[in-house]
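Following: one structure in structure tokens, then a few remarks.
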Amino acid sequence: MNALIQIPQHRIFSQFPNIAFNVVVLAASMGGLKAISTILSALPADFPAAILIVQHLSPKVPSHLPEILSKRTALRVKPAATGDVLRPGTVYVAVPTQHLLVEPNGTLLLSDTPKMNFVRPAADKLFMSVATTYKSRAIAVVLTGSGSDGALGVLSIKKHGGMAIAQDESTSEFFNMPGAAIATGKVDLVLPLEAIASTLVHLVTSAAVA
């Protein structure tokens with residue numbers, strides 16, 4: 001029975017180098033394109049963690065977010081798809097109208113289950129699934145946006161030993177989302193937008209984990 005329990009863990013971590021955090025999740029709404037672009041453009045091509053992105057977008061307009069972001073970063077960018085295995089240096093972008101989740105075996109799942117916080121995809125859904133799968137090896141980042149999506153997810157991330165970062169008010173076009181996350185009292189760092197990428201690099205690469 002123990003061997004069966006250990007198999008998913010091996011699948012999750014086997015693709016990653018010996019780093020402290022395997023997954024970084026960025027969540028944003030209004031003003032998010034600039035914020036996400038600023039972070040991704042400052043990350044090196046050999047950034048050793050996987051990156052997941054939830055950006056609230058109108059379901060009525062086709063999303064070109066992966067194409068836009070791929071022109072602004074040295075990292076590989078792709079629309080998230082069910083069955084994708086998370087890999088280092090790759091950015092997976094949630095698609096409109098579907099929740100993005102991480103399965104216990106480390107693969108992605110797109111879901112059309114009901115909206116959460118009036119949105120789909122919801123940062124809370126993704127944060128919660130990442131928290132239960134990657135536990136202390138996950139970093140959640142809540143960026144500019146209206147509403148409170150991400151706050152409940154931050155609580156889950158912290159409950160499972162992960163780390164939470166929020167964009168500060170002075171650099172947020174809309175402070176509702178990061179403000180709600182900060183109000184939980186569980187955010188580890190509140191940073192200006194320009195400091196987030198360098199902080200992520202430091203956190204992910206500074207401490208090796210056996």
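Order determines the names: the first chain of the structure tokens is A, the second B, and so forth; residues in each chain are numbered 1 upward, and ligands are numbered 1 upward as they are shown.
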Hey, what does DSSP flag as strand (DSSP E) within range 6-142 of chain A? Can you give it to me as JSON, numbers by chain? {"A": [23, 24, 25, 26, 27, 28, 50, 51, 52, 53, 54, 55, 76, 77, 78, 79, 90, 91, 92, 93, 99, 100, 101, 102, 108, 109, 110, 111, 138, 139, 140, 141, 142]}
Env of range 185-188 of chain A: 7 Å cut, atoms = only C-alpha atoms, seq-sep filter 3 positions within chain, self excluded. Answer as a short mmCIF file (atom, residue, chain, number, x, y, z; two decimals) with C-alpha atoms, in the first residue's frame.
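To be explicit, this is the file written out as part-v6.cif:
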data_model
loop_
_atom_site.label_atom_id
_atom_site.label_comp_id
_atom_site.auth_asym_id
_atom_site.auth_seq_id
_atom_site.Cartn_x
_atom_site.Cartn_y
_atom_site.Cartn_z
CA LEU A 155 -5.07 30.18 2.98
CA LYS A 158 -0.15 28.39 3.66
CA MET A 163 4.61 30.50 0.30
CA ALA A 164 2.40 33.45 -0.66
CA ILE A 165 3.37 36.77 -2.26
CA ALA A 166 1.15 39.76 -3.04
CA ALA A 181 -4.97 38.15 -0.02
CA ILE A 182 -3.02 40.40 2.36
#
When you look at range 53-58 of chain A with a cut-off of 6 Å (counting only C-alpha atoms), what residues show up, excluding the ones that are within fewer than 6 positions of it in the same chain? I need them as a compact mmCIF listing (two decimals) with N, CA, C and O atoms, in the first residue's frame.
# COMPACT_ATOMS: atom_id res chain seq x y z
N VAL A 25 2.65 29.98 -9.06
CA VAL A 25 1.34 30.27 -9.63
C VAL A 25 1.09 31.78 -9.58
O VAL A 25 1.13 32.38 -8.51
N LEU A 26 0.85 32.38 -10.73
CA LEU A 26 0.54 33.81 -10.82
C LEU A 26 -0.94 33.98 -11.09
O LEU A 26 -1.48 33.36 -12.01
N ALA A 27 -1.59 34.84 -10.32
CA ALA A 27 -3.02 35.10 -10.52
C ALA A 27 -3.25 36.60 -10.65
O ALA A 27 -2.72 37.39 -9.87
N ALA A 28 -4.05 36.98 -11.65
CA ALA A 28 -4.31 38.40 -11.89
C ALA A 28 -5.67 38.57 -12.56
O ALA A 28 -6.23 37.64 -13.13
N SER A 29 -6.16 39.80 -12.49
CA SER A 29 -7.38 40.16 -13.20
C SER A 29 -7.11 41.49 -13.92
O SER A 29 -6.19 41.56 -14.73
N VAL A 93 -0.71 28.57 -19.34
CA VAL A 93 -1.70 29.63 -19.21
C VAL A 93 -3.10 29.04 -19.20
O VAL A 93 -3.48 28.30 -20.12
N ALA A 94 -3.87 29.37 -18.17
CA ALA A 94 -5.26 28.90 -18.10
C ALA A 94 -6.05 29.44 -19.29
O ALA A 94 -5.84 30.57 -19.74
N ALA A 123 -8.51 31.66 -9.54
CA ALA A 123 -7.22 31.47 -8.87
C ALA A 123 -7.38 30.57 -7.64
O ALA A 123 -6.51 29.73 -7.37
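Residues with any atom within 10 Å of Leu203 in chain A, counting only C-alpha atoms and excluding same-chain neighbours fewer than 2 positions away, are Ile19, Ala20, Phe21, Ile139, Met163, Ala197, Ser198, Thr199, Leu200, Val201, Thr205, Ser206 and Ala207 of chain A.
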Counting only C-alpha atoms, which residues in range 131-191 of chain A sit no more than 9 Å from range 110-122 of chain A? For each one, give the nearest pair of atoms and the distance in Å, sorted by chain then residue number, as JSON lines.
{"residue": "A:Gly147", "atom": "CA", "partner": "A:Asn117", "partner_atom": "CA", "distance": 7.9}
{"residue": "A:Ser148", "atom": "CA", "partner": "A:Asn117", "partner_atom": "CA", "distance": 7.4}
{"residue": "A:Asp149", "atom": "CA", "partner": "A:Asn117", "partner_atom": "CA", "distance": 6.2}
{"residue": "A:Gly150", "atom": "CA", "partner": "A:Ala122", "partner_atom": "CA", "distance": 7.7}
